[in-house]
Amino acid sequence: MPQQVLVTGGAGYIGSHVCKALAEQGVTPVCYDTLEKGHRWAVRWGPLERGDIGDGERLDEVFARHRPRAIIHLAGYIEVGESVREPERYLHNNSTKTAALIDAALRHAVEAFVFSSTCAVYGVPQSALLAETHRIAPLSPYAESKARVEVALGGAAARGLRAASLRYFNAAGADPGGCIGEAHAPETHLLPLAVDAALGLAPPLTLLGTDYPTEDGSCVRDFIHVGDLADAHVRALQWLRGQSADGRHEAFNLGSGSGYSVRQAIAETARIARRPVPHQVGPRRAGDSPRLVGDIAKAGRELGWRPTRDLSQQIEDTLRWRRTMPR
């Protein structure tokens with residue numbers, strides 16, 4: 001493993017868990033973040049360098065100071081609905097700016113580049129389980145922005161970069177020790193919204209659509225614990241560094257391999273919290289696929305990775321975190 005890794009978006013939800021996982025392996029994570037969406041309190045395991053991924057000069061300064069041999073790229077906007085309303089903003093921030101980061105990686109002879117992608121690149125599923133070979137057909141500008149970066153990394157591989165795109169399914173949960181967790185403003189993810197509604201910390205949850213072609217009419221999603229995601233990033237980094245010096249780009253699904261509908265997730269939250277989850281029904285959100293459940297065999301085979309914490313554990317950790325998180 002390299003001594004230092006540049007983690008863009010390291011002050012965010014997934015990024016802070018990745019930084020913690022790296023530190024546990026004896027690696028210093030250099031957090032590169034604007035703090036537009038991230039939090040200073042989440043930077044605990046290495047230095048913070050404030051900067052934009054689209055700023056080539058600032059990136060050169062950081063590379064000169066820390067000399068990281070690898071990048072884990074998690075910086076970006078993540079709200080599907082907002083991307084539909086502001087498509088150009090998302091494409092510029094997530095795709096165009098990442099091109100500058102890839103250029104910096106090539107300039108500074110980075111050995112491994114791990115990218116935070118999304119299962120949303122698949123669009124409407126053509127099979128019950130989505131494998132990495134499924135067609136790429138994004139339904140939202142958010143998903144399109146991620147797909148464009150994957151294409152750019154494929155091009156960079158021809159110039160010698162070794163890269164892995166990790167296609168997350170639905171990240172959930174929090175650090176079991178309670179020191180970091182999800183803290184978006186506004187919050188848009190299902191489990192923290194359901195937990196907050198159950199605890200009386202937020203208004204009733206809005207269930208976005210009940211007329212999907214699924215068993216109970218609500219979307220079906222594959223929930224994966226953020227700690228398991230963090231572990232996969234470390235494994236992907238190790239895997240890339242073990243490959244030949246030739247450039248390459250591979251995609252890996254990161255999920256649990258099981259699907260739960262939104263209604264089922266709400267019911268499980270109520271059971272674990274021992275109180276109802278107040279909710280109301282709203283219209284569908286533009287850009288949402290009816291069902292996204294991952295085939296995770298490739299990550300198991302190539303990275304030696306498997307998820308270890310189920311939906312119940314994710315909800316328990318979310319409950320613990322939401323009761324004590326900074327607000």
# chains A, B, ... in the order shown; residues from 1 in each chain; ligands from 1
>>> residues_around(residues="region 196-207 of chain A", least_positions_apart="2", cutoff="7 Å", atoms="only C-alpha atoms", output="list in words")
Pro192, Leu193, Ala194, Gly209, Arg275, Pro276, Val277, Pro278, His279, Gln280, Val281 and Gly282 of chain A
>>> residues_around(residues="Ala147 (chain A)", least_positions_apart="5", cutoff="10 Å", atoms="only C-alpha atoms", output="VMD selection string")
chain A and resid 95 117 to 122 136 to 138 141 to 142 152 to 153 165
>>> write_last_selection(atoms="C-alpha atoms", output="mmCIF file, in the first residue's frame")
data_model
loop_
_atom_site.group_PDB
_atom_site.id
_atom_site.type_symbol
_atom_site.label_atom_id
_atom_site.label_comp_id
_atom_site.auth_asym_id
_atom_site.auth_seq_id
_atom_site.Cartn_x
_atom_site.Cartn_y
_atom_site.Cartn_z
ATOM 1 C CA SER A 95 -17.607 15.101 -15.260
ATOM 2 C CA SER A 117 -19.393 5.519 -9.542
ATOM 3 C CA THR A 118 -23.003 4.360 -9.231
ATOM 4 C CA CYS A 119 -25.363 1.553 -10.161
ATOM 5 C CA ALA A 120 -27.585 4.267 -11.637
ATOM 6 C CA VAL A 121 -25.503 4.070 -14.830
ATOM 7 C CA TYR A 122 -27.508 0.922 -15.689
ATOM 8 C CA ILE A 136 -25.131 1.541 -19.692
ATOM 9 C CA ALA A 137 -28.288 3.649 -20.068
ATOM 10 C CA PRO A 138 -28.453 6.456 -17.457
ATOM 11 C CA PRO A 141 -27.888 13.703 -15.412
ATOM 12 C CA TYR A 142 -26.344 12.478 -12.157
ATOM 13 C CA ALA A 152 -12.814 9.083 -19.514
ATOM 14 C CA LEU A 153 -11.030 6.564 -17.278
ATOM 15 C CA SER A 165 -14.887 2.308 -11.085
#
>>> closest_atom_pairs(of="region 96-127 of chain A", to="region 56-72 of chain A", cutoff="9 Å", atoms="only C-alpha atoms", output="CSV")
residue,atom,partner,partner_atom,distance
A:Ala100,CA,A:Gly56,CA,6.1
A:Leu101,CA,A:Gly56,CA,7.2
A:Asp103,CA,A:Gly56,CA,8.2
A:Ala104,CA,A:Gly56,CA,6.7
A:Ala105,CA,A:Ile71,CA,7.7
A:Arg107,CA,A:Asp60,CA,8.9
A:His108,CA,A:Phe63,CA,7.4
A:Ala109,CA,A:Arg69,CA,7.5
A:Val110,CA,A:Arg69,CA,4.9
A:Glu111,CA,A:Arg69,CA,5.6
A:Ala112,CA,A:Ala70,CA,4.8
A:Phe113,CA,A:Ile71,CA,4.8
A:Val114,CA,A:Ile72,CA,4.7
A:Phe115,CA,A:Ile72,CA,6.0
A:Ser116,CA,A:Ile72,CA,7.7
>>> closest_residue(among="A:Ile180, A:Val293, A:Leu161, A:Val149", to="Trp45 (chain A)", atoms="only C-alpha atoms")
A:Ile180
>>> residues_around(residues="Ser83 (chain A)", least_positions_apart="5", cutoff="12 Å", atoms="only C-alpha atoms", output="PyMOL selection string")
chain A and resi 76-78+88-94+139-146+285-288
>>> select_by_dssp(residues="region 53-175 of chain A", states="helix (DSSP H, G or I)", output="tab-separated table (two decimals) with N, CA and C atoms, in the first residue's frame")
chain	number	residue	atom	x	y	z
A	56	GLY	N	-6.46	22.64	-11.59
A	56	GLY	CA	-5.22	21.94	-11.86
A	56	GLY	C	-4.04	22.48	-11.10
A	57	GLU	N	-3.94	23.80	-10.95
A	57	GLU	CA	-2.81	24.39	-10.22
A	57	GLU	C	-2.84	23.98	-8.75
A	58	ARG	N	-4.01	24.02	-8.15
A	58	ARG	CA	-4.12	23.62	-6.74
A	58	ARG	C	-3.78	22.15	-6.57
A	59	LEU	N	-4.22	21.33	-7.49
A	59	LEU	CA	-3.88	19.91	-7.44
A	59	LEU	C	-2.37	19.71	-7.53
A	60	ASP	N	-1.72	20.46	-8.39
A	60	ASP	CA	-0.26	20.35	-8.51
A	60	ASP	C	0.43	20.71	-7.19
A	61	GLU	N	-0.09	21.74	-6.51
A	61	GLU	CA	0.47	22.14	-5.22
A	61	GLU	C	0.36	21.00	-4.21
A	62	VAL	N	-0.80	20.38	-4.17
A	62	VAL	CA	-1.05	19.30	-3.20
A	62	VAL	C	-0.19	18.08	-3.53
A	63	PHE	N	-0.07	17.76	-4.81
A	63	PHE	CA	0.78	16.64	-5.19
A	63	PHE	C	2.24	16.92	-4.82
A	64	ALA	N	2.69	18.14	-5.02
A	64	ALA	CA	4.08	18.49	-4.69
A	64	ALA	C	4.33	18.37	-3.19
A	65	ARG	N	3.32	18.71	-2.38
A	65	ARG	CA	3.48	18.68	-0.92
A	65	ARG	C	3.42	17.26	-0.37
A	66	HIS	N	2.49	16.46	-0.85
A	66	HIS	CA	2.25	15.15	-0.23
A	66	HIS	C	2.73	13.96	-1.05
A	80	VAL	N	-30.10	12.94	-7.25
A	80	VAL	CA	-30.70	12.61	-8.54
A	80	VAL	C	-31.72	13.66	-8.96
A	81	GLY	N	-32.64	14.00	-8.05
A	81	GLY	CA	-33.68	14.97	-8.40
A	81	GLY	C	-33.11	16.33	-8.75
A	82	GLU	N	-32.13	16.78	-7.99
A	82	GLU	CA	-31.49	18.06	-8.27
A	82	GLU	C	-30.79	18.03	-9.62
A	83	SER	N	-30.21	16.89	-9.98
A	83	SER	CA	-29.53	16.79	-11.27
A	83	SER	C	-30.49	16.94	-12.43
A	84	VAL	N	-31.72	16.48	-12.25
A	84	VAL	CA	-32.74	16.63	-13.30
A	84	VAL	C	-33.09	18.10	-13.48
A	85	ARG	N	-33.13	18.84	-12.38
A	85	ARG	CA	-33.43	20.27	-12.44
A	85	ARG	C	-32.25	21.10	-12.93
A	87	PRO	N	-29.14	20.01	-14.86
A	87	PRO	CA	-28.27	19.02	-15.50
A	87	PRO	C	-26.88	19.54	-15.83
A	88	GLU	N	-26.77	20.76	-16.34
A	88	GLU	CA	-25.46	21.26	-16.74
A	88	GLU	C	-24.54	21.44	-15.54
A	89	ARG	N	-25.11	21.84	-14.42
A	89	ARG	CA	-24.31	22.00	-13.20
A	89	ARG	C	-23.71	20.66	-12.79
A	90	TYR	N	-24.50	19.60	-12.86
A	90	TYR	CA	-24.02	18.28	-12.48
A	90	TYR	C	-22.98	17.76	-13.46
A	91	LEU	N	-23.22	17.92	-14.74
A	91	LEU	CA	-22.27	17.43	-15.72
A	91	LEU	C	-20.94	18.17	-15.62
A	92	HIS	N	-21.00	19.48	-15.35
A	92	HIS	CA	-19.77	20.25	-15.22
A	92	HIS	C	-19.01	19.85	-13.96
A	93	ASN	N	-19.72	19.80	-12.84
A	93	ASN	CA	-19.04	19.52	-11.56
A	93	ASN	C	-18.51	18.09	-11.50
A	94	ASN	N	-19.33	17.13	-11.92
A	94	ASN	CA	-18.95	15.72	-11.76
A	94	ASN	C	-18.10	15.18	-12.89
A	95	SER	N	-18.31	15.67	-14.11
A	95	SER	CA	-17.61	15.10	-15.26
A	95	SER	C	-16.46	15.99	-15.73
A	96	THR	N	-16.77	17.24	-16.06
A	96	THR	CA	-15.75	18.12	-16.62
A	96	THR	C	-14.62	18.33	-15.63
A	97	LYS	N	-14.96	18.58	-14.38
A	97	LYS	CA	-13.91	18.80	-13.37
A	97	LYS	C	-13.10	17.54	-13.11
A	98	THR	N	-13.74	16.38	-13.18
A	98	THR	CA	-12.99	15.15	-12.98
A	98	THR	C	-11.94	14.95	-14.07
A	99	ALA	N	-12.21	15.48	-15.27
A	99	ALA	CA	-11.20	15.40	-16.34
A	99	ALA	C	-9.90	16.07	-15.91
A	100	ALA	N	-10.02	17.19	-15.17
A	100	ALA	CA	-8.82	17.88	-14.67
A	100	ALA	C	-8.10	17.01	-13.64
A	101	LEU	N	-8.85	16.30	-12.82
A	101	LEU	CA	-8.24	15.40	-11.83
A	101	LEU	C	-7.52	14.24	-12.52
A	102	ILE	N	-8.14	13.69	-13.55
A	102	ILE	CA	-7.50	12.60	-14.29
A	102	ILE	C	-6.22	13.09	-14.95
A	103	ASP	N	-6.25	14.29	-15.51
A	103	ASP	CA	-5.04	14.87	-16.10
A	103	ASP	C	-3.94	15.01	-15.05
A	104	ALA	N	-4.31	15.45	-13.84
A	104	ALA	CA	-3.32	15.58	-12.76
A	104	ALA	C	-2.75	14.22	-12.38
A	105	ALA	N	-3.61	13.19	-12.37
A	105	ALA	CA	-3.14	11.84	-12.05
A	105	ALA	C	-2.10	11.38	-13.06
A	106	LEU	N	-2.35	11.67	-14.33
A	106	LEU	CA	-1.41	11.27	-15.38
A	106	LEU	C	-0.12	12.08	-15.29
A	107	ARG	N	-0.23	13.39	-14.99
A	107	ARG	CA	0.95	14.24	-14.87
A	107	ARG	C	1.87	13.78	-13.75
A	119	CYS	N	-24.55	2.51	-9.43
A	119	CYS	CA	-25.36	1.55	-10.16
A	119	CYS	C	-26.39	2.24	-11.04
A	120	ALA	N	-26.61	3.53	-10.83
A	120	ALA	CA	-27.59	4.27	-11.64
A	120	ALA	C	-27.18	4.36	-13.10
A	121	VAL	N	-25.92	4.05	-13.42
A	121	VAL	CA	-25.50	4.07	-14.83
A	121	VAL	C	-26.26	3.02	-15.64
A	122	TYR	N	-26.83	1.99	-14.97
A	122	TYR	CA	-27.51	0.92	-15.69
A	122	TYR	C	-28.89	1.33	-16.20
A	141	PRO	N	-29.19	13.06	-15.21
A	141	PRO	CA	-27.89	13.70	-15.41
A	141	PRO	C	-26.85	13.28	-14.38
A	142	TYR	N	-27.28	13.00	-13.16
A	142	TYR	CA	-26.34	12.48	-12.16
A	142	TYR	C	-25.70	11.20	-12.66
A	143	ALA	N	-26.52	10.24	-13.09
A	143	ALA	CA	-26.00	8.97	-13.58
A	143	ALA	C	-25.16	9.18	-14.84
A	144	GLU	N	-25.60	10.07	-15.71
A	144	GLU	CA	-24.85	10.37	-16.93
A	144	GLU	C	-23.48	10.93	-16.59
A	145	SER	N	-23.41	11.77	-15.56
A	145	SER	CA	-22.12	12.37	-15.19
A	145	SER	C	-21.13	11.29	-14.74
A	146	LYS	N	-21.63	10.27	-14.05
A	146	LYS	CA	-20.77	9.18	-13.61
A	146	LYS	C	-20.34	8.30	-14.80
A	147	ALA	N	-21.28	8.05	-15.69
A	147	ALA	CA	-20.96	7.24	-16.87
A	147	ALA	C	-19.88	7.91	-17.72
A	148	ARG	N	-19.95	9.24	-17.83
A	148	ARG	CA	-18.94	9.96	-18.61
A	148	ARG	C	-17.55	9.82	-17.99
A	149	VAL	N	-17.48	9.84	-16.67
A	149	VAL	CA	-16.18	9.67	-16.02
A	149	VAL	C	-15.63	8.27	-16.29
A	150	GLU	N	-16.49	7.27	-16.23
A	150	GLU	CA	-16.03	5.91	-16.54
A	150	GLU	C	-15.43	5.84	-17.95
A	151	VAL	N	-16.08	6.50	-18.91
A	151	VAL	CA	-15.55	6.53	-20.28
A	151	VAL	C	-14.19	7.23	-20.30
A	152	ALA	N	-14.09	8.35	-19.57
A	152	ALA	CA	-12.81	9.08	-19.51
A	152	ALA	C	-11.71	8.23	-18.90
A	153	LEU	N	-12.04	7.44	-17.89
A	153	LEU	CA	-11.03	6.56	-17.28
A	153	LEU	C	-10.61	5.46	-18.24
A	154	GLY	N	-11.56	5.01	-19.04
A	154	GLY	CA	-11.19	4.04	-20.07
A	154	GLY	C	-10.19	4.62	-21.05
A	155	GLY	N	-10.39	5.91	-21.41
A	155	GLY	CA	-9.43	6.58	-22.27
A	155	GLY	C	-8.08	6.79	-21.60
A	156	ALA	N	-8.11	7.12	-20.31
A	156	ALA	CA	-6.86	7.34	-19.57
A	156	ALA	C	-6.09	6.03	-19.41
A	157	ALA	N	-6.79	4.90	-19.39
A	157	ALA	CA	-6.11	3.62	-19.30
A	157	ALA	C	-5.21	3.40	-20.50
>>> atom_distance(atom1="CA of Ala267 (chain A)", atom2="CA of Glu187 (chain A)")
19.8 Å
>>> closest_residue(among="A:Asp222, A:Glu302, A:Asp246, A:Asp231", to="Ala128 (chain A)", atoms="only C-alpha atoms")
A:Asp222
>>> closest_residue(among="A:Thr210, A:Asn170, A:Thr269, A:Gln25", to="Val195 (chain A)", atoms="only C-alpha atoms")
A:Thr269
>>> residues_around(residues="Ile296 (chain A)", least_positions_apart="5", cutoff="7 Å", atoms="only C-alpha atoms", output="NGL selection string")
:A and (253-255 or 257)
>>> residues_around(residues="Ser312 (chain A)", least_positions_apart="4", cutoff="12 Å", atoms="only C-alpha atoms", output="list in words")
Ala172, Gly173, Leu191, Phe223, Ile224, His225, Tyr260, Gln264, Ala265, Ile266, Ala267, Glu268, Thr269, Ala270, Arg271, Ile272, Ala273, Thr308, Glu316, Asp317, Thr318 and Leu319 of chain A
>>> residues_around(residues="Arg40 (chain A)", least_positions_apart="3", cutoff="8 Å", atoms="only C-alpha atoms", output="tab-separated table (two decimals) with C-alpha atoms, in the first residue's frame")
chain	number	residue	atom	x	y	z
A	11	ALA	CA	-14.83	15.12	4.33
A	35	LEU	CA	-16.12	21.63	2.30
A	43	VAL	CA	-11.57	14.91	8.82
>>> residues_around(residues="Glu24 (chain A)", least_positions_apart="2", cutoff="12 Å", atoms="only C-alpha atoms", output="list in words")
Met1, His17, Val18, Cys19, Lys20, Ala21, Leu22, Gly26, Val27, Thr28, Pro29, Trp45, Gly46, Ala230, Asp231 and Val234 of chain A
>>> closest_residue(among="A:Ile14, A:Pro2, A:Trp321, A:Gly247", to="Ala158 (chain A)", atoms="only C-alpha atoms")
A:Gly247
>>> select_by_dssp(residues="region 16-61 of chain A", states="strand (DSSP E)", output="list in words")
Thr28, Pro29, Val30, Cys31, Tyr32, Asp33, Leu48, Glu49 and Arg50 of chain A
>>> atom_distance(atom1="CA of Arg50 (chain A)", atom2="CA of Val5 (chain A)")
15.2 Å
>>> atom_distance(atom1="CA of Arg241 (chain A)", atom2="CA of Glu49 (chain A)")
24.5 Å
>>> closest_residue(among="A:Asp310, A:Arg291, A:Gly217, A:Cys31", to="Gln126 (chain A)", atoms="only C-alpha atoms")
A:Arg291
>>> closest_residue(among="A:Cys219, A:Val30, A:Ala163, A:Leu129", to="Gln243 (chain A)", atoms="only C-alpha atoms")
A:Ala163
